[in-house]
Amino acid sequence: MSKTALITGVTGQDGAYLARLLIDKGYTVHGVKRRSSSFNTSRIDDIYQDPHSDDPKLILHYGDLTDSTNLIRLVQETKPDEIYNLGAQSHVQVSFDTPEYTANSDAVGTLRLLEAIRILKMEDKTRFYQASTSELYGLVQEVPQSETTPFYPRSPYAAAKMYAYWITINYREAYGMFATNGILFNHESPLRGETFVTRKITRAVSAIHLGIQDTLYLGNLDAQRDWGHAKDYVEGMWRILQHDKPDDFVLGTGEMHTVRAFVEAAFAHVDRKIEWSGKGIDEVGRDAESGAIMVRVDPRYFRPTEVEQLLANPAKAKRDLGWVATTTFQGLVSDMMAADLLQVAKEMDRKNRYD
Ligand code: NDP
Ligand code: GDR
C-alpha cells in the first residue's frame, strides 16, 4: 500500500523539493496551498497533475495554518500517514513587521495541526514533522550548535518557532504521538525565495553580469551561516519520519561562511573578482578589473536583533539516520548561479519583447 503525506507549505522551496521526493518514493501527496490573487504554484507546476486523471499523485487543497476548521477537515479527508508542517511566514526580517501574524501561523498554526490529529484520534496513525530552525539558537551560546545547545531566539519568527518546537515535543510526551522536530540550518537552491540573502545575491550578480543592474545592496556582510542545499535536507526530513522512534535532529553541513564570502563566490562563478574597502555602512565591493562599485551596504537590511553565527553539529543525524549533506558550498553557489543566469536572461528577453 502506498503511503499518503500531507504537506503544508507545498508551494514553498522545501515543499516543492519534498513533494517531488515523496512522489518518487511512491507516495500520494496532498499539498496545502493558500488562496492568492495571483498564481503561487510556480515551484510545483511541473509535477502538478490534472485532478481528473487516474490516480493523481499530487493533489492540492486550499488551506491556511490560521484556520483550524480547515486543517481538521483536511486531515480528516486525506488521512495522512505523515504530515510535514513546512508552512510558515518564514522571513526573519518580515517577522519584525508582522509579529502577530508570524506567531499565528508559525506558532499557533503548529498547535492547530497537532490538535487536528488529536481531535480526529489519529495519534497512532499519523507521524508529524515540524520544520524547526537553527534560528532557535539565536544569540550564540556555543559553536557549533547541536540538539543540546540552549536556545536564545532573536526575532518574532524565532520566538514563534520556539513555541512550535516545544508544543511538538509536548504532544509527543503527552499523547504518545510520533511528533518530531528537524532543526534545520539554512538551506538554499534555485527555488529559494528571492528576498533571502543567497538568492538575492545570485539574482543580482547574474543581472550585473548581464548588464541590467549596477549595484547589489545588502545588510550585514559579516553574518555567518551554515548553508546547504534544500534537496539534501528534504531527504533528511523524510528520514526523520522513518526513524524507529520520534526524536529531534539537527541537519546542517558543519561548515559556515560569511555573507561577504557568498558574494565573492557568486562573482567568481562569472570570473569576476571583488575587492572590498571601507568599514561598516561605508564598506563597498568593487570589480577588481574596472574598479566599479558593485556592492554597497544599505542599513535598511539590518535587523533590530541579529543572529551573527550559525554552525551545525549534525553528528546525531549522521549516526542515527545515516544522513549527511552532500552538496558543497561551491556546488550550491554554482547550482544557484547557473539557474539564475538562465532565469534572468529569460526575464530580460520577455521584457524586451513587450517593450
Ligand atoms: P518558504 O518561505 O519558501 O515557504 C513557506 C511556505 O509556507 C509557502 O508555501 C507559503 O505559501 C506557506 N505559508 C505561509 N504562510 C502560511 C499560512 N498561514 N498557512 C499555510 N501556508 C503558509 O520556506 P522554505 O520552504 O524555505 O521553508 C520551509 C519551512 O522550513 C518553513 O517553516 C521555514 O520556516 C522552515 N525552515 C526553513 C529553513 C531554510 O533555510 N529554508 C531552515 C529552517 C527552517 P505561499 O507560497 O502562498 O507564500
Ligand atoms: P535567515 O536567512 O535570516 O538566516 O533565515 P536570510 O537569507 O534572510 O539572512 C541570512 C543572513 O544574511 C544577512 N543579510 C541579509 N539578509 C537578507 N534577507 N537580505 C539582505 O539584503 C541581507 N544582507 C545581509 C541577514 O542579516 C542574516 O544574518 C533563513 C530562513 O529561511 C528562515 O526561515 C530559517 O529558519 C533560517 O534561514 C534557518
# chains A, B, ... in the order shown; residues from 1 in each chain; ligands from 1
>>> residues_near_ligand(ligand="ligand 2", cutoff="7 Å", atoms="only C-alpha atoms and all ligand atoms", output="VMD selection string")
chain A and resid 90 to 93 133 to 135 184 to 186 195 to 198 200 217 to 221 223 to 225 259 301 to 303 306 to 308
>>> write_last_selection(atoms="N, CA, C and O atoms", output="short mmCIF file (atom, residue, chain, number, x, y, z; two decimals), in the first residue's frame")
data_model
loop_
_atom_site.label_atom_id
_atom_site.label_comp_id
_atom_site.auth_asym_id
_atom_site.auth_seq_id
_atom_site.Cartn_x
_atom_site.Cartn_y
_atom_site.Cartn_z
N SER A 90 8.13 32.68 6.81
CA SER A 90 9.47 32.17 7.08
C SER A 90 10.57 33.23 6.99
O SER A 90 11.74 32.89 7.13
N HIS A 91 10.21 34.48 6.76
CA HIS A 91 11.24 35.51 6.59
C HIS A 91 11.50 36.21 7.93
O HIS A 91 10.61 36.83 8.50
N VAL A 92 12.75 36.10 8.41
CA VAL A 92 13.08 36.63 9.73
C VAL A 92 12.83 38.14 9.79
O VAL A 92 12.20 38.65 10.73
N GLN A 93 13.34 38.87 8.80
CA GLN A 93 13.18 40.34 8.85
C GLN A 93 11.70 40.74 8.78
O GLN A 93 11.26 41.64 9.50
N THR A 133 14.09 25.23 13.35
CA THR A 133 15.10 26.04 12.68
C THR A 133 16.31 26.36 13.56
O THR A 133 16.17 26.52 14.79
N SER A 134 17.44 26.55 12.93
CA SER A 134 18.65 26.99 13.63
C SER A 134 18.49 28.40 14.20
O SER A 134 19.28 28.81 15.07
N GLU A 135 17.46 29.15 13.73
CA GLU A 135 17.20 30.48 14.32
C GLU A 135 16.88 30.37 15.81
O GLU A 135 16.99 31.35 16.54
N LEU A 184 16.65 22.58 11.26
CA LEU A 184 17.41 22.70 10.02
C LEU A 184 18.14 24.03 9.93
O LEU A 184 17.57 25.10 10.20
N PHE A 185 19.40 23.95 9.56
CA PHE A 185 20.19 25.15 9.28
C PHE A 185 19.84 25.61 7.87
O PHE A 185 19.17 24.90 7.11
N ASN A 186 20.29 26.82 7.51
CA ASN A 186 19.89 27.44 6.24
C ASN A 186 20.13 26.50 5.07
O ASN A 186 21.22 25.95 4.94
N THR A 195 13.97 37.01 -1.74
CA THR A 195 14.42 38.02 -0.77
C THR A 195 15.31 37.43 0.32
O THR A 195 15.73 38.15 1.23
N PHE A 196 15.58 36.14 0.29
CA PHE A 196 16.59 35.57 1.20
C PHE A 196 17.95 35.89 0.61
O PHE A 196 18.11 36.02 -0.61
N VAL A 197 18.97 36.01 1.47
CA VAL A 197 20.20 36.66 1.02
C VAL A 197 20.90 35.92 -0.13
O VAL A 197 21.40 36.55 -1.06
N THR A 198 20.92 34.59 -0.08
CA THR A 198 21.66 33.85 -1.13
C THR A 198 21.04 34.09 -2.51
O THR A 198 21.73 34.38 -3.47
N LYS A 200 18.99 36.48 -3.36
CA LYS A 200 19.11 37.90 -3.71
C LYS A 200 20.47 38.14 -4.37
O LYS A 200 20.59 38.84 -5.37
N TYR A 217 22.64 45.89 -3.17
CA TYR A 217 22.60 46.47 -1.82
C TYR A 217 22.31 45.36 -0.81
O TYR A 217 21.32 44.64 -0.94
N LEU A 218 23.16 45.26 0.22
CA LEU A 218 22.98 44.23 1.24
C LEU A 218 23.04 44.84 2.63
O LEU A 218 23.46 46.00 2.79
N GLY A 219 22.67 44.03 3.64
CA GLY A 219 22.77 44.46 5.03
C GLY A 219 24.08 43.98 5.65
O GLY A 219 25.16 44.34 5.18
N ASN A 220 23.96 43.12 6.66
CA ASN A 220 25.12 42.67 7.44
C ASN A 220 25.97 41.67 6.65
O ASN A 220 25.61 40.51 6.50
N LEU A 221 27.13 42.14 6.20
CA LEU A 221 28.01 41.27 5.38
C LEU A 221 28.78 40.28 6.24
O LEU A 221 29.35 39.31 5.74
N ALA A 223 27.54 38.46 8.78
CA ALA A 223 26.76 37.33 9.31
C ALA A 223 27.31 36.03 8.73
O ALA A 223 27.69 35.98 7.56
N GLN A 224 27.36 34.99 9.57
CA GLN A 224 27.89 33.69 9.12
C GLN A 224 26.78 32.65 9.19
O GLN A 224 26.06 32.58 10.19
N ARG A 225 26.68 31.88 8.12
CA ARG A 225 25.63 30.85 8.06
C ARG A 225 26.21 29.53 7.57
O ARG A 225 27.17 29.50 6.81
N VAL A 259 28.32 36.22 4.65
CA VAL A 259 27.57 36.74 3.50
C VAL A 259 28.57 37.28 2.47
O VAL A 259 28.42 37.07 1.26
N TYR A 301 18.55 46.92 5.55
CA TYR A 301 18.52 45.46 5.68
C TYR A 301 19.11 44.95 6.99
O TYR A 301 19.22 43.75 7.20
N PHE A 302 19.50 45.89 7.88
CA PHE A 302 19.95 45.46 9.21
C PHE A 302 18.72 45.04 10.02
O PHE A 302 17.66 45.64 9.90
N ARG A 303 18.90 44.05 10.88
CA ARG A 303 17.78 43.59 11.71
C ARG A 303 17.87 44.20 13.11
O ARG A 303 18.98 44.42 13.60
N GLU A 306 20.18 40.77 15.57
CA GLU A 306 20.76 39.92 14.50
C GLU A 306 21.23 38.59 15.09
O GLU A 306 21.56 38.50 16.28
N VAL A 307 21.25 37.59 14.26
CA VAL A 307 21.87 36.31 14.59
C VAL A 307 23.17 36.27 13.81
O VAL A 307 23.18 36.24 12.59
N GLU A 308 24.29 36.32 14.52
CA GLU A 308 25.58 36.54 13.85
C GLU A 308 26.21 35.27 13.30
O GLU A 308 26.87 35.32 12.27
#
>>> residues_near_ligand(ligand="ligand 1", cutoff="6 Å", atoms="only C-alpha atoms and all ligand atoms", output="list in words")
Thr8, Gly9, Val10, Thr11, Gly12, Gln13, Asp14, Gly15, Arg34, Asn40, Asp64, Leu65, Thr66, Leu86, Gly87, Ala88, Gln89, Ser90, Ser105, Ala131, Ser132, Thr133, Leu184, Phe185, Asn186, His187 and Gly193 of chain A
>>> closest_residue(among="A:Ala288, A:Leu114, A:Leu60, A:Leu342", to="Gln130 of chain A", atoms="only C-alpha atoms")
A:Leu114
>>> closest_residue(among="A:Val250, A:Val263, A:Met336, A:Leu136", to="Ala159 of chain A", atoms="only C-alpha atoms")
A:Leu136
>>> closest_residue(among="A:Thr215, A:Thr149, A:Gln242, A:Ser334", to="Ala292 of chain A", atoms="only C-alpha atoms")
A:Thr215
>>> atom_distance(atom1="atom CA of Ala160 of chain A", atom2="atom CA of Lys79 of chain A")
27.1 Å
>>> residues_around(residues="Tyr62 of chain A", least_positions_apart="2", cutoff="10 Å", atoms="only C-alpha atoms", output="ChimeraX atom specification")
/A:31-36,60,64,70-71,74
>>> write_last_selection(atoms="all heavy atoms", output="compact mmCIF listing (two decimals), in the first residue's frame")
# COMPACT_ATOMS: atom_id res chain seq x y z
N GLY A 31 -1.11 18.51 -0.89
CA GLY A 31 -0.43 19.74 -0.54
C GLY A 31 -1.42 20.83 -0.21
O GLY A 31 -2.48 20.94 -0.84
N VAL A 32 -1.08 21.65 0.80
CA VAL A 32 -1.95 22.76 1.18
C VAL A 32 -1.41 24.03 0.54
O VAL A 32 -0.26 24.40 0.76
CB VAL A 32 -1.97 22.94 2.72
CG1 VAL A 32 -2.93 24.07 3.10
CG2 VAL A 32 -2.35 21.63 3.40
N LYS A 33 -2.24 24.66 -0.27
CA LYS A 33 -1.83 25.95 -0.86
C LYS A 33 -2.79 27.05 -0.39
O LYS A 33 -3.96 26.78 -0.10
CB LYS A 33 -1.79 25.87 -2.38
CG LYS A 33 -3.14 25.74 -3.04
CD LYS A 33 -3.04 25.95 -4.54
CE LYS A 33 -4.40 25.71 -5.18
NZ LYS A 33 -4.45 26.00 -6.59
N ARG A 34 -2.24 28.26 -0.34
CA ARG A 34 -3.07 29.39 0.10
C ARG A 34 -3.75 30.02 -1.09
O ARG A 34 -3.20 30.06 -2.18
CB ARG A 34 -2.20 30.44 0.78
CG ARG A 34 -1.54 29.94 2.02
CD ARG A 34 -0.99 31.06 2.81
NE ARG A 34 0.14 31.73 2.17
CZ ARG A 34 0.71 32.82 2.64
NH1 ARG A 34 0.22 33.38 3.74
NH2 ARG A 34 1.74 33.36 2.04
N ARG A 35 -4.93 30.54 -0.86
CA ARG A 35 -5.61 31.33 -1.90
C ARG A 35 -4.80 32.61 -2.11
O ARG A 35 -4.38 33.26 -1.15
CB ARG A 35 -7.04 31.62 -1.46
CG ARG A 35 -7.63 32.92 -1.93
CD ARG A 35 -7.97 32.93 -3.41
NE ARG A 35 -8.31 34.31 -3.77
CZ ARG A 35 -8.23 34.80 -5.00
NH1 ARG A 35 -7.83 34.05 -5.98
NH2 ARG A 35 -8.55 36.05 -5.23
N SER A 36 -4.54 32.93 -3.36
CA SER A 36 -3.81 34.15 -3.67
C SER A 36 -4.43 34.76 -4.91
O SER A 36 -4.97 34.04 -5.75
CB SER A 36 -2.34 33.80 -3.91
OG SER A 36 -1.71 34.81 -4.64
N LEU A 60 -3.77 19.15 -4.71
CA LEU A 60 -3.66 20.40 -3.95
C LEU A 60 -5.00 20.78 -3.33
O LEU A 60 -6.06 20.55 -3.92
CB LEU A 60 -3.18 21.52 -4.88
CG LEU A 60 -1.80 21.32 -5.49
CD1 LEU A 60 -1.42 22.51 -6.38
CD2 LEU A 60 -0.74 21.13 -4.39
N ASP A 64 -5.05 27.07 5.16
CA ASP A 64 -4.22 28.08 5.82
C ASP A 64 -4.00 27.63 7.27
O ASP A 64 -4.93 27.11 7.91
CB ASP A 64 -4.92 29.43 5.79
CG ASP A 64 -3.95 30.57 5.98
OD1 ASP A 64 -3.35 30.66 7.09
OD2 ASP A 64 -3.77 31.37 5.05
N ASN A 70 -10.42 24.34 8.81
CA ASN A 70 -9.87 23.90 7.52
C ASN A 70 -8.85 22.78 7.74
O ASN A 70 -8.85 21.75 7.04
CB ASN A 70 -9.25 25.11 6.82
CG ASN A 70 -8.27 24.73 5.73
OD1 ASN A 70 -7.08 24.64 5.98
ND2 ASN A 70 -8.77 24.49 4.53
N LEU A 71 -7.99 22.94 8.73
CA LEU A 71 -6.95 21.93 8.97
C LEU A 71 -7.56 20.61 9.44
O LEU A 71 -7.16 19.53 8.99
CB LEU A 71 -5.93 22.44 9.99
CG LEU A 71 -5.12 23.67 9.55
CD1 LEU A 71 -4.26 24.18 10.70
CD2 LEU A 71 -4.24 23.35 8.34
N LEU A 74 -9.03 18.93 6.43
CA LEU A 74 -8.02 18.38 5.52
C LEU A 74 -7.40 17.09 6.08
O LEU A 74 -7.19 16.12 5.34
CB LEU A 74 -6.91 19.40 5.26
CG LEU A 74 -7.29 20.56 4.33
CD1 LEU A 74 -6.13 21.53 4.19
CD2 LEU A 74 -7.69 20.01 2.96
>>> closest_residue(among="A:Ala179, A:Met294, A:Val284, A:Met237", to="Ala19 of chain A", atoms="only C-alpha atoms")
A:Met237
>>> atom_distance(atom1="atom CA of Ala107 of chain A", atom2="atom CA of Arg319 of chain A")
29.8 Å
>>> residues_around(residues="segment 51-58 of chain A", least_positions_apart="2", cutoff="10 Å", atoms="only C-alpha atoms", output="list in words")
Thr4, Ala5, Leu6, Ala19, Arg20, Leu22, Ile23, Asp24, Gly26, Tyr27, Thr28, Val29, His30, Gly31, Ile44, Ile47, Tyr48, Gln49 and Leu60 of chain A
>>> decode(residues="segment 168-184 of chain A", atoms="all heavy atoms", output="PDB file, in the first residue's frame")
ATOM      1  N   THR A 168       5.421  20.634  19.886  1.00  0.00           N
ATOM      2  CA  THR A 168       5.589  19.350  19.190  1.00  0.00           C
ATOM      3  C   THR A 168       6.111  18.295  20.172  1.00  0.00           C
ATOM      4  O   THR A 168       5.595  17.172  20.235  1.00  0.00           O
ATOM      5  CB  THR A 168       6.565  19.529  18.001  1.00  0.00           C
ATOM      6  OG1 THR A 168       5.982  20.454  17.090  1.00  0.00           O
ATOM      7  CG2 THR A 168       6.845  18.210  17.297  1.00  0.00           C
ATOM      8  N   ILE A 169       7.096  18.689  20.970  1.00  0.00           N
ATOM      9  CA  ILE A 169       7.630  17.747  21.969  1.00  0.00           C
ATOM     10  C   ILE A 169       6.567  17.433  23.024  1.00  0.00           C
ATOM     11  O   ILE A 169       6.401  16.286  23.454  1.00  0.00           O
ATOM     12  CB  ILE A 169       8.906  18.318  22.613  1.00  0.00           C
ATOM     13  CG1 ILE A 169      10.012  18.362  21.549  1.00  0.00           C
ATOM     14  CG2 ILE A 169       9.339  17.498  23.835  1.00  0.00           C
ATOM     15  CD1 ILE A 169      11.316  18.967  22.010  1.00  0.00           C
ATOM     16  N   ASN A 170       5.798  18.463  23.409  1.00  0.00           N
ATOM     17  CA  ASN A 170       4.765  18.228  24.415  1.00  0.00           C
ATOM     18  C   ASN A 170       3.720  17.227  23.925  1.00  0.00           C
ATOM     19  O   ASN A 170       3.292  16.339  24.671  1.00  0.00           O
ATOM     20  CB  ASN A 170       4.100  19.543  24.809  1.00  0.00           C
ATOM     21  CG  ASN A 170       3.060  19.338  25.881  1.00  0.00           C
ATOM     22  OD1 ASN A 170       1.873  19.522  25.649  1.00  0.00           O
ATOM     23  ND2 ASN A 170       3.487  18.886  27.049  1.00  0.00           N
ATOM     24  N   TYR A 171       3.307  17.333  22.651  1.00  0.00           N
ATOM     25  CA  TYR A 171       2.305  16.386  22.136  1.00  0.00           C
ATOM     26  C   TYR A 171       2.895  14.987  22.013  1.00  0.00           C
ATOM     27  O   TYR A 171       2.187  13.993  22.168  1.00  0.00           O
ATOM     28  CB  TYR A 171       1.717  16.894  20.797  1.00  0.00           C
ATOM     29  CG  TYR A 171       0.533  17.819  21.047  1.00  0.00           C
ATOM     30  CD1 TYR A 171       0.657  18.923  21.884  1.00  0.00           C
ATOM     31  CD2 TYR A 171      -0.707  17.566  20.495  1.00  0.00           C
ATOM     32  CE1 TYR A 171      -0.407  19.748  22.151  1.00  0.00           C
ATOM     33  CE2 TYR A 171      -1.793  18.395  20.749  1.00  0.00           C
ATOM     34  CZ  TYR A 171      -1.633  19.485  21.588  1.00  0.00           C
ATOM     35  OH  TYR A 171      -2.701  20.295  21.860  1.00  0.00           O
ATOM     36  N   ARG A 172       4.180  14.907  21.770  1.00  0.00           N
ATOM     37  CA  ARG A 172       4.839  13.589  21.744  1.00  0.00           C
ATOM     38  C   ARG A 172       4.783  12.955  23.145  1.00  0.00           C
ATOM     39  O   ARG A 172       4.417  11.795  23.300  1.00  0.00           O
ATOM     40  CB  ARG A 172       6.295  13.788  21.304  1.00  0.00           C
ATOM     41  CG  ARG A 172       7.141  12.553  21.347  1.00  0.00           C
ATOM     42  CD  ARG A 172       8.404  12.806  20.531  1.00  0.00           C
ATOM     43  NE  ARG A 172       9.500  13.418  21.276  1.00  0.00           N
ATOM     44  CZ  ARG A 172      10.386  14.277  20.747  1.00  0.00           C
ATOM     45  NH1 ARG A 172      10.291  14.666  19.489  1.00  0.00           N
ATOM     46  NH2 ARG A 172      11.360  14.762  21.483  1.00  0.00           N
ATOM     47  N   GLU A 173       5.137  13.779  24.148  1.00  0.00           N
ATOM     48  CA  GLU A 173       5.220  13.235  25.501  1.00  0.00           C
ATOM     49  C   GLU A 173       3.833  13.038  26.128  1.00  0.00           C
ATOM     50  O   GLU A 173       3.600  12.062  26.840  1.00  0.00           O
ATOM     51  CB  GLU A 173       6.072  14.173  26.377  1.00  0.00           C
ATOM     52  CG  GLU A 173       7.539  14.180  25.930  1.00  0.00           C
ATOM     53  CD  GLU A 173       8.397  15.207  26.660  1.00  0.00           C
ATOM     54  OE1 GLU A 173       7.832  16.034  27.416  1.00  0.00           O
ATOM     55  OE2 GLU A 173       9.639  15.175  26.458  1.00  0.00           O
ATOM     56  N   ALA A 174       2.903  13.969  25.841  1.00  0.00           N
ATOM     57  CA  ALA A 174       1.589  13.907  26.494  1.00  0.00           C
ATOM     58  C   ALA A 174       0.679  12.865  25.853  1.00  0.00           C
ATOM     59  O   ALA A 174      -0.084  12.191  26.555  1.00  0.00           O
ATOM     60  CB  ALA A 174       0.920  15.284  26.432  1.00  0.00           C
ATOM     61  N   TYR A 175       0.730  12.740  24.529  1.00  0.00           N
ATOM     62  CA  TYR A 175      -0.254  11.889  23.835  1.00  0.00           C
ATOM     63  C   TYR A 175       0.385  10.745  23.060  1.00  0.00           C
ATOM     64  O   TYR A 175      -0.287  10.066  22.286  1.00  0.00           O
ATOM     65  CB  TYR A 175      -1.106  12.753  22.889  1.00  0.00           C
ATOM     66  CG  TYR A 175      -1.710  13.953  23.590  1.00  0.00           C
ATOM     67  CD1 TYR A 175      -1.389  15.253  23.207  1.00  0.00           C
ATOM     68  CD2 TYR A 175      -2.587  13.774  24.664  1.00  0.00           C
ATOM     69  CE1 TYR A 175      -1.920  16.347  23.864  1.00  0.00           C
ATOM     70  CE2 TYR A 175      -3.115  14.872  25.337  1.00  0.00           C
ATOM     71  CZ  TYR A 175      -2.781  16.150  24.931  1.00  0.00           C
ATOM     72  OH  TYR A 175      -3.299  17.225  25.589  1.00  0.00           O
ATOM     73  N   GLY A 176       1.696  10.561  23.227  1.00  0.00           N
ATOM     74  CA  GLY A 176       2.364   9.440  22.562  1.00  0.00           C
ATOM     75  C   GLY A 176       2.436   9.570  21.057  1.00  0.00           C
ATOM     76  O   GLY A 176       2.572   8.576  20.339  1.00  0.00           O
ATOM     77  N   MET A 177       2.330  10.803  20.545  1.00  0.00           N
ATOM     78  CA  MET A 177       2.375  10.982  19.089  1.00  0.00           C
ATOM     79  C   MET A 177       3.783  10.784  18.551  1.00  0.00           C
ATOM     80  O   MET A 177       4.762  11.107  19.242  1.00  0.00           O
ATOM     81  CB  MET A 177       1.988  12.410  18.719  1.00  0.00           C
ATOM     82  CG  MET A 177       0.523  12.647  18.671  1.00  0.00           C
ATOM     83  SD  MET A 177       0.304  14.310  17.992  1.00  0.00           S
ATOM     84  CE  MET A 177      -1.365  14.588  18.498  1.00  0.00           C
ATOM     85  N   PHE A 178       3.880  10.324  17.304  1.00  0.00           N
ATOM     86  CA  PHE A 178       5.164  10.294  16.609  1.00  0.00           C
ATOM     87  C   PHE A 178       5.386  11.704  16.063  1.00  0.00           C
ATOM     88  O   PHE A 178       5.167  11.981  14.885  1.00  0.00           O
ATOM     89  CB  PHE A 178       5.155   9.250  15.489  1.00  0.00           C
ATOM     90  CG  PHE A 178       6.544   8.864  15.035  1.00  0.00           C
ATOM     91  CD1 PHE A 178       7.081   7.623  15.372  1.00  0.00           C
ATOM     92  CD2 PHE A 178       7.323   9.739  14.291  1.00  0.00           C
ATOM     93  CE1 PHE A 178       8.371   7.260  14.966  1.00  0.00           C
ATOM     94  CE2 PHE A 178       8.610   9.391  13.892  1.00  0.00           C
ATOM     95  CZ  PHE A 178       9.130   8.150  14.229  1.00  0.00           C
ATOM     96  N   ALA A 179       5.773  12.616  16.954  1.00  0.00           N
ATOM     97  CA  ALA A 179       5.916  14.033  16.592  1.00  0.00           C
ATOM     98  C   ALA A 179       7.388  14.400  16.715  1.00  0.00           C
ATOM     99  O   ALA A 179       8.019  14.151  17.746  1.00  0.00           O
ATOM    100  CB  ALA A 179       5.064  14.891  17.516  1.00  0.00           C
ATOM    101  N   THR A 180       7.946  14.983  15.651  1.00  0.00           N
ATOM    102  CA  THR A 180       9.399  15.195  15.573  1.00  0.00           C
ATOM    103  C   THR A 180       9.727  16.628  15.167  1.00  0.00           C
ATOM    104  O   THR A 180       8.916  17.310  14.540  1.00  0.00           O
ATOM    105  CB  THR A 180      10.003  14.279  14.492  1.00  0.00           C
ATOM    106  OG1 THR A 180       9.487  14.702  13.222  1.00  0.00           O
ATOM    107  CG2 THR A 180       9.644  12.821  14.708  1.00  0.00           C
ATOM    108  N   ASN A 181      10.944  17.038  15.514  1.00  0.00           N
ATOM    109  CA  ASN A 181      11.469  18.321  15.029  1.00  0.00           C
ATOM    110  C   ASN A 181      12.721  18.073  14.202  1.00  0.00           C
ATOM    111  O   ASN A 181      13.644  17.378  14.653  1.00  0.00           O
ATOM    112  CB  ASN A 181      11.904  19.217  16.201  1.00  0.00           C
ATOM    113  CG  ASN A 181      10.739  19.826  16.949  1.00  0.00           C
ATOM    114  OD1 ASN A 181      10.090  20.747  16.462  1.00  0.00           O
ATOM    115  ND2 ASN A 181      10.461  19.301  18.140  1.00  0.00           N
ATOM    116  N   GLY A 182      12.789  18.689  13.027  1.00  0.00           N
ATOM    117  CA  GLY A 182      14.052  18.807  12.307  1.00  0.00           C
ATOM    118  C   GLY A 182      14.546  20.225  12.555  1.00  0.00           C
ATOM    119  O   GLY A 182      13.855  21.187  12.200  1.00  0.00           O
ATOM    120  N   ILE A 183      15.704  20.342  13.212  1.00  0.00           N
ATOM    121  CA  ILE A 183      16.257  21.686  13.457  1.00  0.00           C
ATOM    122  C   ILE A 183      17.206  21.962  12.288  1.00  0.00           C
ATOM    123  O   ILE A 183      18.382  21.589  12.322  1.00  0.00           O
ATOM    124  CB  ILE A 183      16.991  21.750  14.811  1.00  0.00           C
ATOM    125  CG1 ILE A 183      16.074  21.253  15.937  1.00  0.00           C
ATOM    126  CG2 ILE A 183      17.483  23.179  15.095  1.00  0.00           C
ATOM    127  CD1 ILE A 183      16.774  21.084  17.278  1.00  0.00           C
ATOM    128  N   LEU A 184      16.651  22.582  11.259  1.00  0.00           N
ATOM    129  CA  LEU A 184      17.411  22.701  10.017  1.00  0.00           C
ATOM    130  C   LEU A 184      18.142  24.033   9.931  1.00  0.00           C
ATOM    131  O   LEU A 184      17.568  25.095  10.203  1.00  0.00           O
ATOM    132  CB  LEU A 184      16.474  22.522   8.807  1.00  0.00           C
ATOM    133  CG  LEU A 184      16.322  21.056   8.337  1.00  0.00           C
ATOM    134  CD1 LEU A 184      15.937  20.123   9.479  1.00  0.00           C
ATOM    135  CD2 LEU A 184      15.349  20.942   7.191  1.00  0.00           C
TER     136      LEU A 184
END
